[in-house]
file start-v5.txt (compact mmCIF, N, CA and C atoms)
# COMPACT_ATOMS: atom_id res chain seq x y z
N MET A 12 92.40 112.76 132.51
CA MET A 12 91.94 113.07 131.18
C MET A 12 90.42 113.20 131.19
N THR A 13 89.93 114.17 130.47
CA THR A 13 88.48 114.36 130.40
C THR A 13 87.91 113.43 129.34
N ILE A 14 86.61 113.29 129.35
CA ILE A 14 85.94 112.45 128.36
C ILE A 14 86.20 112.99 126.96
N ARG A 15 86.20 114.31 126.84
CA ARG A 15 86.46 114.91 125.53
C ARG A 15 87.86 114.57 125.03
N GLN A 16 88.87 114.61 125.91
CA GLN A 16 90.23 114.28 125.52
C GLN A 16 90.35 112.80 125.12
N ILE A 17 89.66 111.94 125.87
CA ILE A 17 89.67 110.51 125.56
C ILE A 17 89.04 110.27 124.18
N ALA A 18 87.91 110.93 123.93
CA ALA A 18 87.23 110.76 122.65
C ALA A 18 88.11 111.25 121.51
N LEU A 19 88.76 112.40 121.69
CA LEU A 19 89.63 112.95 120.65
C LEU A 19 90.83 112.04 120.40
N THR A 20 91.41 111.51 121.47
CA THR A 20 92.54 110.59 121.34
C THR A 20 92.13 109.33 120.59
N THR A 21 90.95 108.81 120.90
CA THR A 21 90.44 107.61 120.24
C THR A 21 90.23 107.86 118.75
N VAL A 22 89.61 108.98 118.42
CA VAL A 22 89.37 109.32 117.01
C VAL A 22 90.69 109.45 116.26
N LEU A 23 91.66 110.12 116.85
CA LEU A 23 92.97 110.28 116.22
C LEU A 23 93.68 108.93 116.04
N ALA A 24 93.59 108.08 117.04
CA ALA A 24 94.24 106.76 116.96
C ALA A 24 93.63 105.93 115.83
N PHE A 25 92.30 105.91 115.74
CA PHE A 25 91.66 105.15 114.66
C PHE A 25 91.94 105.77 113.30
N GLY A 26 92.01 107.08 113.25
CA GLY A 26 92.33 107.76 111.99
C GLY A 26 93.72 107.41 111.51
N MET A 27 94.69 107.40 112.43
CA MET A 27 96.06 107.04 112.06
C MET A 27 96.13 105.58 111.65
N ALA A 28 95.40 104.71 112.32
CA ALA A 28 95.39 103.29 111.95
C ALA A 28 94.88 103.13 110.52
N GLY A 29 93.87 103.92 110.16
CA GLY A 29 93.33 103.87 108.80
C GLY A 29 94.37 104.30 107.77
N VAL A 30 95.19 105.29 108.12
CA VAL A 30 96.23 105.76 107.22
C VAL A 30 97.25 104.65 106.99
N PHE A 31 97.64 103.95 108.06
CA PHE A 31 98.62 102.88 107.91
C PHE A 31 98.06 101.71 107.12
N VAL A 32 96.80 101.37 107.30
CA VAL A 32 96.19 100.29 106.55
C VAL A 32 96.12 100.67 105.07
N ALA A 33 95.71 101.90 104.80
CA ALA A 33 95.60 102.35 103.41
C ALA A 33 96.95 102.39 102.71
N ALA A 34 98.01 102.69 103.46
CA ALA A 34 99.34 102.78 102.86
C ALA A 34 99.79 101.43 102.31
N GLY A 35 99.36 100.31 102.92
CA GLY A 35 99.75 98.99 102.46
C GLY A 35 98.87 98.45 101.37
N ALA A 36 97.78 99.11 101.08
CA ALA A 36 96.82 98.62 100.10
C ALA A 36 97.25 98.97 98.68
N ASP A 37 96.75 98.19 97.72
CA ASP A 37 97.01 98.47 96.32
C ASP A 37 96.35 99.79 95.95
N GLN A 38 97.04 100.57 95.15
CA GLN A 38 96.50 101.83 94.65
C GLN A 38 96.22 101.63 93.17
N LYS A 39 94.95 101.67 92.76
CA LYS A 39 94.57 101.49 91.36
C LYS A 39 95.02 102.70 90.55
N LEU A 40 95.54 102.44 89.36
CA LEU A 40 96.08 103.50 88.52
C LEU A 40 95.62 103.37 87.08
N GLN A 41 95.87 104.42 86.32
CA GLN A 41 95.69 104.40 84.87
C GLN A 41 97.07 104.57 84.25
N MET A 42 97.21 104.23 82.99
CA MET A 42 98.50 104.31 82.32
C MET A 42 99.12 105.69 82.46
N LYS A 43 98.32 106.75 82.34
CA LYS A 43 98.84 108.12 82.42
C LYS A 43 99.40 108.45 83.80
N ASP A 44 99.02 107.66 84.83
CA ASP A 44 99.50 107.90 86.19
C ASP A 44 100.88 107.30 86.44
N LEU A 45 101.34 106.42 85.56
CA LEU A 45 102.61 105.72 85.75
C LEU A 45 103.79 106.58 85.34
N PRO A 46 104.94 106.40 86.02
CA PRO A 46 106.16 107.08 85.56
C PRO A 46 106.49 106.61 84.14
N ALA A 47 107.17 107.44 83.37
CA ALA A 47 107.48 107.13 81.97
C ALA A 47 108.19 105.79 81.82
N ALA A 48 109.15 105.48 82.70
CA ALA A 48 109.89 104.22 82.61
C ALA A 48 108.97 103.02 82.81
N VAL A 49 108.01 103.15 83.69
CA VAL A 49 107.06 102.06 83.95
C VAL A 49 106.10 101.92 82.78
N GLN A 50 105.68 103.05 82.19
CA GLN A 50 104.83 102.99 80.99
C GLN A 50 105.53 102.20 79.89
N LYS A 51 106.83 102.47 79.70
CA LYS A 51 107.61 101.75 78.69
C LYS A 51 107.68 100.26 79.03
N GLY A 52 107.85 99.94 80.31
CA GLY A 52 107.90 98.55 80.74
C GLY A 52 106.59 97.82 80.49
N VAL A 53 105.47 98.51 80.71
CA VAL A 53 104.16 97.92 80.44
C VAL A 53 104.05 97.60 78.96
N THR A 54 104.34 98.59 78.13
CA THR A 54 104.23 98.41 76.68
C THR A 54 105.15 97.28 76.19
N ALA A 55 106.37 97.26 76.70
CA ALA A 55 107.35 96.25 76.26
C ALA A 55 106.95 94.83 76.65
N ASN A 56 106.22 94.69 77.75
CA ASN A 56 105.87 93.35 78.24
C ASN A 56 104.44 92.93 77.93
N LEU A 57 103.68 93.77 77.27
CA LEU A 57 102.29 93.44 76.96
C LEU A 57 102.18 92.29 75.96
N ASN A 58 103.11 92.23 75.01
CA ASN A 58 103.16 91.14 74.03
C ASN A 58 101.84 90.87 73.32
N GLY A 59 101.11 91.92 73.00
CA GLY A 59 99.84 91.74 72.29
C GLY A 59 98.66 91.44 73.20
N GLY A 60 98.88 91.42 74.50
CA GLY A 60 97.80 91.15 75.45
C GLY A 60 96.90 92.35 75.64
N THR A 61 95.81 92.14 76.36
CA THR A 61 94.85 93.19 76.66
C THR A 61 95.04 93.65 78.09
N LEU A 62 95.27 94.93 78.28
CA LEU A 62 95.46 95.50 79.61
C LEU A 62 94.14 95.50 80.37
N LYS A 63 94.14 94.90 81.56
CA LYS A 63 92.91 94.81 82.38
C LYS A 63 92.97 95.71 83.61
N GLY A 64 94.18 95.94 84.14
CA GLY A 64 94.27 96.78 85.33
C GLY A 64 95.71 97.08 85.69
N LEU A 65 95.90 98.19 86.40
CA LEU A 65 97.21 98.62 86.87
C LEU A 65 97.08 99.01 88.33
N SER A 66 98.06 98.64 89.14
CA SER A 66 98.05 99.07 90.52
C SER A 66 99.48 99.25 91.02
N LYS A 67 99.60 100.00 92.09
CA LYS A 67 100.90 100.30 92.70
C LYS A 67 100.84 99.83 94.14
N GLU A 68 101.91 99.19 94.56
CA GLU A 68 101.96 98.66 95.93
C GLU A 68 103.38 98.83 96.46
N VAL A 69 103.51 99.03 97.75
CA VAL A 69 104.82 99.09 98.37
C VAL A 69 105.02 97.79 99.13
N GLU A 70 106.04 97.02 98.72
CA GLU A 70 106.37 95.74 99.35
C GLU A 70 107.78 95.83 99.91
N GLY A 71 107.92 95.66 101.22
CA GLY A 71 109.25 95.71 101.83
C GLY A 71 109.96 97.02 101.57
N GLY A 72 109.21 98.11 101.52
CA GLY A 72 109.79 99.42 101.27
C GLY A 72 110.06 99.73 99.81
N LYS A 73 109.76 98.78 98.91
CA LYS A 73 109.99 98.99 97.48
C LYS A 73 108.67 99.13 96.75
N THR A 74 108.61 100.08 95.84
CA THR A 74 107.41 100.30 95.04
C THR A 74 107.39 99.31 93.89
N ILE A 75 106.26 98.63 93.75
CA ILE A 75 106.06 97.64 92.69
C ILE A 75 104.77 98.00 91.95
N TYR A 76 104.80 97.85 90.64
CA TYR A 76 103.62 98.09 89.81
C TYR A 76 103.12 96.74 89.30
N GLU A 77 101.84 96.45 89.56
CA GLU A 77 101.24 95.21 89.07
C GLU A 77 100.42 95.51 87.83
N VAL A 78 100.66 94.72 86.80
CA VAL A 78 99.98 94.90 85.52
C VAL A 78 99.16 93.63 85.26
N GLU A 79 97.84 93.79 85.20
CA GLU A 79 96.94 92.67 84.96
C GLU A 79 96.52 92.68 83.49
N THR A 80 96.76 91.55 82.81
CA THR A 80 96.43 91.45 81.39
C THR A 80 95.81 90.09 81.09
N THR A 81 95.31 89.97 79.88
CA THR A 81 94.92 88.67 79.34
C THR A 81 95.60 88.53 77.98
N LEU A 82 95.93 87.30 77.65
CA LEU A 82 96.56 86.99 76.38
C LEU A 82 96.01 85.66 75.92
N TYR A 83 95.40 85.65 74.75
CA TYR A 83 94.77 84.44 74.21
C TYR A 83 93.76 83.83 75.18
N GLY A 84 93.01 84.69 75.87
CA GLY A 84 91.95 84.24 76.76
C GLY A 84 92.41 83.76 78.13
N ARG A 85 93.69 83.87 78.43
CA ARG A 85 94.22 83.44 79.72
C ARG A 85 94.84 84.64 80.44
N THR A 86 94.85 84.57 81.78
CA THR A 86 95.45 85.67 82.54
C THR A 86 96.96 85.66 82.37
N ARG A 87 97.52 86.84 82.31
CA ARG A 87 98.97 87.02 82.22
C ARG A 87 99.28 88.32 82.96
N ASP A 88 99.76 88.18 84.18
CA ASP A 88 100.03 89.34 85.02
C ASP A 88 101.52 89.47 85.24
N PHE A 89 101.99 90.71 85.40
CA PHE A 89 103.41 90.89 85.68
C PHE A 89 103.64 92.06 86.62
N LEU A 90 104.79 92.00 87.29
CA LEU A 90 105.21 93.05 88.22
C LEU A 90 106.41 93.77 87.65
N LEU A 91 106.41 95.09 87.79
CA LEU A 91 107.52 95.93 87.33
C LEU A 91 108.04 96.75 88.50
N ASP A 92 109.35 97.03 88.51
CA ASP A 92 109.87 97.94 89.52
C ASP A 92 109.76 99.38 89.00
N VAL A 93 110.26 100.34 89.76
CA VAL A 93 110.12 101.75 89.38
C VAL A 93 110.89 102.12 88.12
N THR A 94 111.83 101.27 87.70
CA THR A 94 112.59 101.54 86.47
C THR A 94 111.91 100.90 85.25
N GLY A 95 110.80 100.17 85.49
CA GLY A 95 110.10 99.49 84.39
C GLY A 95 110.64 98.10 84.13
N ARG A 96 111.59 97.63 84.96
CA ARG A 96 112.18 96.30 84.80
C ARG A 96 111.19 95.23 85.25
N LEU A 97 111.10 94.15 84.47
CA LEU A 97 110.23 93.03 84.81
C LEU A 97 110.78 92.31 86.04
N VAL A 98 109.96 92.18 87.07
CA VAL A 98 110.35 91.53 88.32
C VAL A 98 109.76 90.12 88.38
N GLU A 99 108.50 89.99 87.94
CA GLU A 99 107.82 88.70 88.02
C GLU A 99 106.77 88.62 86.91
N LEU A 100 106.59 87.39 86.38
CA LEU A 100 105.60 87.14 85.35
C LEU A 100 104.77 85.93 85.74
N GLU A 101 103.46 86.07 85.72
CA GLU A 101 102.54 84.97 86.01
C GLU A 101 101.72 84.69 84.76
N ASP A 102 101.84 83.46 84.23
CA ASP A 102 101.11 83.06 83.03
C ASP A 102 100.19 81.90 83.35
N GLU A 103 98.89 82.07 83.10
CA GLU A 103 97.96 80.96 83.26
C GLU A 103 98.27 79.92 82.19
N MET A 104 98.24 78.66 82.59
CA MET A 104 98.62 77.58 81.67
C MET A 104 97.43 76.71 81.30
N ALA A 105 97.48 76.15 80.10
CA ALA A 105 96.52 75.12 79.71
C ALA A 105 96.90 73.86 80.48
N MET A 106 95.91 73.09 80.90
CA MET A 106 96.18 71.90 81.72
C MET A 106 97.12 70.92 81.03
N ASP A 107 97.01 70.80 79.71
CA ASP A 107 97.88 69.84 79.01
C ASP A 107 99.33 70.33 78.90
N ALA A 108 99.58 71.60 79.27
CA ALA A 108 100.94 72.14 79.25
C ALA A 108 101.62 72.08 80.62
N VAL A 109 100.86 71.70 81.64
CA VAL A 109 101.40 71.63 83.00
C VAL A 109 102.31 70.40 83.11
N PRO A 110 103.56 70.58 83.59
CA PRO A 110 104.45 69.43 83.74
C PRO A 110 103.81 68.34 84.63
N ALA A 111 104.06 67.09 84.28
CA ALA A 111 103.44 65.96 84.97
C ALA A 111 103.70 65.98 86.48
N ALA A 112 104.93 66.28 86.89
CA ALA A 112 105.27 66.29 88.33
C ALA A 112 104.48 67.37 89.06
N VAL A 113 104.28 68.51 88.41
CA VAL A 113 103.52 69.61 88.99
C VAL A 113 102.05 69.20 89.14
N LYS A 114 101.51 68.63 88.08
CA LYS A 114 100.11 68.20 88.09
C LYS A 114 99.86 67.16 89.19
N THR A 115 100.74 66.18 89.28
CA THR A 115 100.62 65.13 90.30
C THR A 115 100.66 65.73 91.70
N ALA A 116 101.60 66.63 91.93
CA ALA A 116 101.73 67.26 93.26
C ALA A 116 100.49 68.08 93.61
N LEU A 117 99.97 68.83 92.65
CA LEU A 117 98.80 69.66 92.91
C LEU A 117 97.56 68.80 93.17
N GLU A 118 97.44 67.69 92.45
CA GLU A 118 96.28 66.81 92.62
C GLU A 118 96.19 66.22 94.02
N THR A 119 97.32 66.13 94.72
CA THR A 119 97.29 65.62 96.10
C THR A 119 96.60 66.60 97.04
N HIS A 120 96.45 67.85 96.60
CA HIS A 120 95.81 68.88 97.43
C HIS A 120 94.35 69.11 97.06
N GLY A 121 93.87 68.48 96.00
CA GLY A 121 92.48 68.63 95.59
C GLY A 121 92.35 68.70 94.08
N LYS A 122 91.16 69.05 93.63
CA LYS A 122 90.89 69.19 92.21
C LYS A 122 91.55 70.48 91.70
N ILE A 123 92.31 70.36 90.63
CA ILE A 123 93.01 71.52 90.07
C ILE A 123 92.03 72.37 89.28
N LEU A 124 91.93 73.65 89.65
CA LEU A 124 91.05 74.58 88.94
C LEU A 124 91.83 75.45 87.96
N LYS A 125 93.07 75.80 88.33
CA LYS A 125 93.87 76.71 87.51
C LYS A 125 95.33 76.55 87.90
N VAL A 126 96.23 76.68 86.92
CA VAL A 126 97.68 76.64 87.18
C VAL A 126 98.33 77.81 86.46
N GLU A 127 99.23 78.48 87.17
CA GLU A 127 100.01 79.56 86.58
C GLU A 127 101.50 79.25 86.74
N SER A 128 102.27 79.52 85.70
CA SER A 128 103.73 79.48 85.85
C SER A 128 104.12 80.86 86.37
N VAL A 129 105.04 80.88 87.32
CA VAL A 129 105.50 82.13 87.92
C VAL A 129 107.00 82.21 87.71
N THR A 130 107.42 83.21 86.94
CA THR A 130 108.84 83.38 86.63
C THR A 130 109.34 84.62 87.36
N ARG A 131 110.34 84.40 88.20
CA ARG A 131 110.98 85.48 88.96
C ARG A 131 112.47 85.35 88.69
N GLY A 132 112.99 86.24 87.82
CA GLY A 132 114.38 86.08 87.37
C GLY A 132 114.45 84.84 86.49
N LYS A 133 115.31 83.89 86.86
CA LYS A 133 115.44 82.65 86.09
C LYS A 133 114.73 81.49 86.79
N VAL A 134 114.08 81.77 87.93
CA VAL A 134 113.41 80.72 88.70
C VAL A 134 111.94 80.63 88.30
N VAL A 135 111.52 79.43 87.92
CA VAL A 135 110.12 79.19 87.55
C VAL A 135 109.49 78.27 88.57
N THR A 136 108.35 78.71 89.13
CA THR A 136 107.56 77.87 90.01
C THR A 136 106.15 77.84 89.43
N TYR A 137 105.30 77.05 90.07
CA TYR A 137 103.92 76.89 89.59
C TYR A 137 102.97 77.10 90.75
N GLU A 138 101.94 77.92 90.52
CA GLU A 138 100.92 78.16 91.53
C GLU A 138 99.62 77.55 91.04
N GLY A 139 99.09 76.65 91.82
CA GLY A 139 97.84 76.01 91.46
C GLY A 139 96.73 76.42 92.39
N THR A 140 95.56 76.69 91.82
CA THR A 140 94.36 76.89 92.62
C THR A 140 93.65 75.55 92.62
N VAL A 141 93.44 75.01 93.83
CA VAL A 141 92.81 73.70 93.97
C VAL A 141 91.59 73.81 94.86
N GLU A 142 90.69 72.83 94.72
CA GLU A 142 89.48 72.81 95.54
C GLU A 142 89.36 71.44 96.19
N LYS A 143 89.14 71.47 97.50
CA LYS A 143 88.95 70.23 98.25
C LYS A 143 87.89 70.48 99.31
N ASP A 144 86.90 69.61 99.36
CA ASP A 144 85.79 69.73 100.31
C ASP A 144 85.11 71.10 100.23
N GLY A 145 84.99 71.62 99.00
CA GLY A 145 84.32 72.90 98.78
C GLY A 145 85.15 74.12 99.12
N LYS A 146 86.40 73.93 99.52
CA LYS A 146 87.26 75.06 99.87
C LYS A 146 88.38 75.20 98.85
N LYS A 147 88.59 76.44 98.39
CA LYS A 147 89.66 76.72 97.43
C LYS A 147 90.92 77.16 98.18
N SER A 148 92.06 76.74 97.65
CA SER A 148 93.33 77.18 98.21
C SER A 148 94.36 77.25 97.10
N GLU A 149 95.48 77.92 97.39
CA GLU A 149 96.56 78.02 96.43
C GLU A 149 97.76 77.23 96.95
N VAL A 150 98.40 76.51 96.05
CA VAL A 150 99.57 75.71 96.38
C VAL A 150 100.66 76.05 95.38
N ALA A 151 101.87 76.29 95.88
CA ALA A 151 103.01 76.61 95.00
C ALA A 151 104.02 75.46 95.04
N VAL A 152 104.46 75.03 93.87
CA VAL A 152 105.44 73.94 93.76
C VAL A 152 106.48 74.29 92.71
N ASP A 153 107.62 73.60 92.79
CA ASP A 153 108.63 73.78 91.74
C ASP A 153 108.37 72.79 90.61
N ALA A 154 109.23 72.76 89.61
CA ALA A 154 109.03 71.90 88.44
C ALA A 154 109.04 70.42 88.78
N ASN A 155 109.64 70.07 89.93
CA ASN A 155 109.67 68.67 90.37
C ASN A 155 108.49 68.30 91.25
N GLY A 156 107.60 69.27 91.51
CA GLY A 156 106.43 69.01 92.33
C GLY A 156 106.67 69.24 93.81
N LYS A 157 107.84 69.72 94.19
CA LYS A 157 108.14 69.98 95.59
C LYS A 157 107.50 71.31 96.02
N LYS A 158 106.80 71.27 97.16
CA LYS A 158 106.11 72.46 97.65
C LYS A 158 107.12 73.57 97.99
N VAL A 159 106.77 74.79 97.58
CA VAL A 159 107.60 75.96 97.88
C VAL A 159 106.72 77.00 98.53
N LYS A 160 107.35 77.98 99.17
CA LYS A 160 106.58 79.08 99.75
C LYS A 160 106.00 79.89 98.61
N GLY A 161 104.71 80.22 98.72
CA GLY A 161 104.10 80.95 97.61
C GLY A 161 103.21 82.05 98.02

call {"tool": "encode", "arguments": {"input": "start-v5.txt", "output": "structure tokens"}}
result
Amino acid sequence: MTIRQIALTTVLAFGMAGVFVAAGADQKLQMKDLPAAVQKGVTANLNGGTLKGLSKEVEGGKTIYEVETTLYGRTRDFLLDVTGRLVELEDEMAMDAVPAAVKTALETHGKILKVESVTRGKVVTYEGTVEKDGKKSEVAVDANGKKVKG
């Protein structure tokens, strides 16, 4: 192989790698860019909240739309499938609304900065952002405070 062929092969390889990386990244969208069914799903699930952002992502070969909103000054984000069906809902919670077992479990990981309830179907878990020794991390637990994959 000549130096020119090696250089061309290298450029093509890096270019293709960039395409694959970009394919997995979130694609920012506007409401007009969404399919009609997803637009209806956004409207139906907004519940008086303020729309902050929309993005499209492919997870496990399935297209998911992420809708970022705020409601009463707290974050409220949700995921919709291509039919506009609600897949997941994340609601930021007031600290006094966090179940005691959840709060206790999260406190073992550090100072609690934020807690969100995450509803996927009929299953509710809690994601806490905690800080310990100056480092922030996220911890997911169920209603009994048992750690779950998050």

call {"tool": "closest_residue", "arguments": {"input": "start-v5.txt", "among": "A:His120, A:Glu127, A:Asp102, A:Thr61", "to": "A:Tyr83", "atoms": "all atoms listed in the file"}}
result
A:Thr61

call {"tool": "closest_residue", "arguments": {"input": "start-v5.txt", "among": "A:Arg96, A:Tyr137, A:Thr119, A:Val129", "to": "A:Asp153", "atoms": "only N, CA and C atoms"}}
result
A:Tyr137

call {"tool": "atom_distance", "arguments": {"input": "start-v5.txt", "atom1": "atom CA of A:Asp37", "atom2": "atom CA of A:Ile123"}}
result
28.0 Å

call {"tool": "closest_residue", "arguments": {"input": "start-v5.txt", "among": "A:Leu62, A:Val93, A:Val53, A:Val134", "to": "A:Thr81", "atoms": "all atoms listed in the file"}}
result
A:Leu62

call {"tool": "closest_residue", "arguments": {"input": "start-v5.txt", "among": "A:Ala48, A:Val69, A:Ala108, A:Ser128", "to": "A:Thr86", "atoms": "only C-alpha atoms"}}
result
A:Ser128

call {"tool": "select_by_dssp", "arguments": {"input": "start-v5.txt", "residues": "stretch 58-140 of chain A", "states": "strand (DSSP E)", "output": "compact mmCIF listing (two decimals) with N, CA and C atoms, keeping the file's coordinate frame"}}
result
# COMPACT_ATOMS: atom_id res chain seq x y z
N THR A 61 95.81 92.14 76.36
CA THR A 61 94.85 93.19 76.66
C THR A 61 95.04 93.65 78.09
N LEU A 62 95.27 94.93 78.28
CA LEU A 62 95.46 95.50 79.61
C LEU A 62 94.14 95.50 80.37
N LYS A 63 94.14 94.90 81.56
CA LYS A 63 92.91 94.81 82.38
C LYS A 63 92.97 95.71 83.61
N GLY A 64 94.18 95.94 84.14
CA GLY A 64 94.27 96.78 85.33
C GLY A 64 95.71 97.08 85.69
N LEU A 65 95.90 98.19 86.40
CA LEU A 65 97.21 98.62 86.87
C LEU A 65 97.08 99.01 88.33
N SER A 66 98.06 98.64 89.14
CA SER A 66 98.05 99.07 90.52
C SER A 66 99.48 99.25 91.02
N LYS A 67 99.60 100.00 92.09
CA LYS A 67 100.90 100.30 92.70
C LYS A 67 100.84 99.83 94.14
N GLU A 68 101.91 99.19 94.56
CA GLU A 68 101.96 98.66 95.93
C GLU A 68 103.38 98.83 96.46
N VAL A 69 103.51 99.03 97.75
CA VAL A 69 104.82 99.09 98.37
C VAL A 69 105.02 97.79 99.13
N GLU A 70 106.04 97.02 98.72
CA GLU A 70 106.37 95.74 99.35
C GLU A 70 107.78 95.83 99.91
N LYS A 73 109.76 98.78 98.91
CA LYS A 73 109.99 98.99 97.48
C LYS A 73 108.67 99.13 96.75
N THR A 74 108.61 100.08 95.84
CA THR A 74 107.41 100.30 95.04
C THR A 74 107.39 99.31 93.89
N ILE A 75 106.26 98.63 93.75
CA ILE A 75 106.06 97.64 92.69
C ILE A 75 104.77 98.00 91.95
N TYR A 76 104.80 97.85 90.64
CA TYR A 76 103.62 98.09 89.81
C TYR A 76 103.12 96.74 89.30
N GLU A 77 101.84 96.45 89.56
CA GLU A 77 101.24 95.21 89.07
C GLU A 77 100.42 95.51 87.83
N VAL A 78 100.66 94.72 86.80
CA VAL A 78 99.98 94.90 85.52
C VAL A 78 99.16 93.63 85.26
N GLU A 79 97.84 93.79 85.20
CA GLU A 79 96.94 92.67 84.96
C GLU A 79 96.52 92.68 83.49
N THR A 80 96.76 91.55 82.81
CA THR A 80 96.43 91.45 81.39
C THR A 80 95.81 90.09 81.09
N THR A 81 95.31 89.97 79.88
CA THR A 81 94.92 88.67 79.34
C THR A 81 95.60 88.53 77.98
N LEU A 82 95.93 87.30 77.65
CA LEU A 82 96.56 86.99 76.38
C LEU A 82 96.01 85.66 75.92
N ARG A 85 93.69 83.87 78.43
CA ARG A 85 94.22 83.44 79.72
C ARG A 85 94.84 84.64 80.44
N THR A 86 94.85 84.57 81.78
CA THR A 86 95.45 85.67 82.54
C THR A 86 96.96 85.66 82.37
N ARG A 87 97.52 86.84 82.31
CA ARG A 87 98.97 87.02 82.22
C ARG A 87 99.28 88.32 82.96
N ASP A 88 99.76 88.18 84.18
CA ASP A 88 100.03 89.34 85.02
C ASP A 88 101.52 89.47 85.24
N PHE A 89 101.99 90.71 85.40
CA PHE A 89 103.41 90.89 85.68
C PHE A 89 103.64 92.06 86.62
N LEU A 90 104.79 92.00 87.29
CA LEU A 90 105.21 93.05 88.22
C LEU A 90 106.41 93.77 87.65
N LEU A 91 106.41 95.09 87.79
CA LEU A 91 107.52 95.93 87.33
C LEU A 91 108.04 96.75 88.50
N LEU A 97 111.10 94.15 84.47
CA LEU A 97 110.23 93.03 84.81
C LEU A 97 110.78 92.31 86.04
N VAL A 98 109.96 92.18 87.07
CA VAL A 98 110.35 91.53 88.32
C VAL A 98 109.76 90.12 88.38
N GLU A 99 108.50 89.99 87.94
CA GLU A 99 107.82 88.70 88.02
C GLU A 99 106.77 88.62 86.91
N LEU A 100 106.59 87.39 86.38
CA LEU A 100 105.60 87.14 85.35
C LEU A 100 104.77 85.93 85.74
N GLU A 101 103.46 86.07 85.72
CA GLU A 101 102.54 84.97 86.01
C GLU A 101 101.72 84.69 84.76
N ASP A 102 101.84 83.46 84.23
CA ASP A 102 101.11 83.06 83.03
C ASP A 102 100.19 81.90 83.35
N GLU A 103 98.89 82.07 83.10
CA GLU A 103 97.96 80.96 83.26
C GLU A 103 98.27 79.92 82.19
N LYS A 122 91.16 69.05 93.63
CA LYS A 122 90.89 69.19 92.21
C LYS A 122 91.55 70.48 91.70
N ILE A 123 92.31 70.36 90.63
CA ILE A 123 93.01 71.52 90.07
C ILE A 123 92.03 72.37 89.28
N LEU A 124 91.93 73.65 89.65
CA LEU A 124 91.05 74.58 88.94
C LEU A 124 91.83 75.45 87.96
N LYS A 125 93.07 75.80 88.33
CA LYS A 125 93.87 76.71 87.51
C LYS A 125 95.33 76.55 87.90
N VAL A 126 96.23 76.68 86.92
CA VAL A 126 97.68 76.64 87.18
C VAL A 126 98.33 77.81 86.46
N GLU A 127 99.23 78.48 87.17
CA GLU A 127 100.01 79.56 86.58
C GLU A 127 101.50 79.25 86.74
N SER A 128 102.27 79.52 85.70
CA SER A 128 103.73 79.48 85.85
C SER A 128 104.12 80.86 86.37
N VAL A 129 105.04 80.88 87.32
CA VAL A 129 105.50 82.13 87.92
C VAL A 129 107.00 82.21 87.71
N THR A 130 107.42 83.21 86.94
CA THR A 130 108.84 83.38 86.63
C THR A 130 109.34 84.62 87.36
N ARG A 131 110.34 84.40 88.20
CA ARG A 131 110.98 85.48 88.96
C ARG A 131 112.47 85.35 88.69
N VAL A 134 114.08 81.77 87.93
CA VAL A 134 113.41 80.72 88.70
C VAL A 134 111.94 80.63 88.30
N VAL A 135 111.52 79.43 87.92
CA VAL A 135 110.12 79.19 87.55
C VAL A 135 109.49 78.27 88.57
N THR A 136 108.35 78.71 89.13
CA THR A 136 107.56 77.87 90.01
C THR A 136 106.15 77.84 89.43
N TYR A 137 105.30 77.05 90.07
CA TYR A 137 103.92 76.89 89.59
C TYR A 137 102.97 77.10 90.75
N GLU A 138 101.94 77.92 90.52
CA GLU A 138 100.92 78.16 91.53
C GLU A 138 99.62 77.55 91.04
N GLY A 139 99.09 76.65 91.82
CA GLY A 139 97.84 76.01 91.46
C GLY A 139 96.73 76.42 92.39
N THR A 140 95.56 76.69 91.82
CA THR A 140 94.36 76.89 92.62
C THR A 140 93.65 75.55 92.62

call {"tool": "closest_residue", "arguments": {"input": "start-v5.txt", "among": "A:Asp107, A:Leu45, A:Leu124, A:Leu40", "to": "A:Gly139", "atoms": "all atoms listed in the file"}}
result
A:Leu124

call {"tool": "closest_residue", "arguments": {"input": "start-v5.txt", "among": "A:Ala151, A:Leu97, A:Lys67, A:Glu103", "to": "A:Gly52", "atoms": "all atoms listed in the file"}}
result
A:Leu97

call {"tool": "atom_distance", "arguments": {"input": "start-v5.txt", "atom1": "atom CA of A:Thr80", "atom2": "atom CA of A:Thr54"}}
result
11.5 Å

call {"tool": "atom_distance", "arguments": {"input": "start-v5.txt", "atom1": "atom C of A:Lys43", "atom2": "atom CA of A:Glu101"}}
result
23.8 Å

call {"tool": "residues_around", "arguments": {"input": "start-v5.txt", "residues": "A:Glu77", "least_positions_apart": "3", "cutoff": "5 Å", "atoms": "all atoms listed in the file", "output": "number ranges by chain"}}
result
A: 65-67, 89-90

call {"tool": "select_by_dssp", "arguments": {"input": "start-v5.txt", "residues": "stretch 31-86 of chain A", "states": "alpha helix (DSSP H)", "output": "PyMOL selection string"}}
result
chain A and resi 31-35+47-57

call {"tool": "residues_around", "arguments": {"input": "start-v5.txt", "residues": "A:Gly156", "least_positions_apart": "2", "cutoff": "6 Å", "atoms": "only C-alpha atoms", "output": "PyMOL selection string"}}
result
chain A and resi 112-113+116+152-154
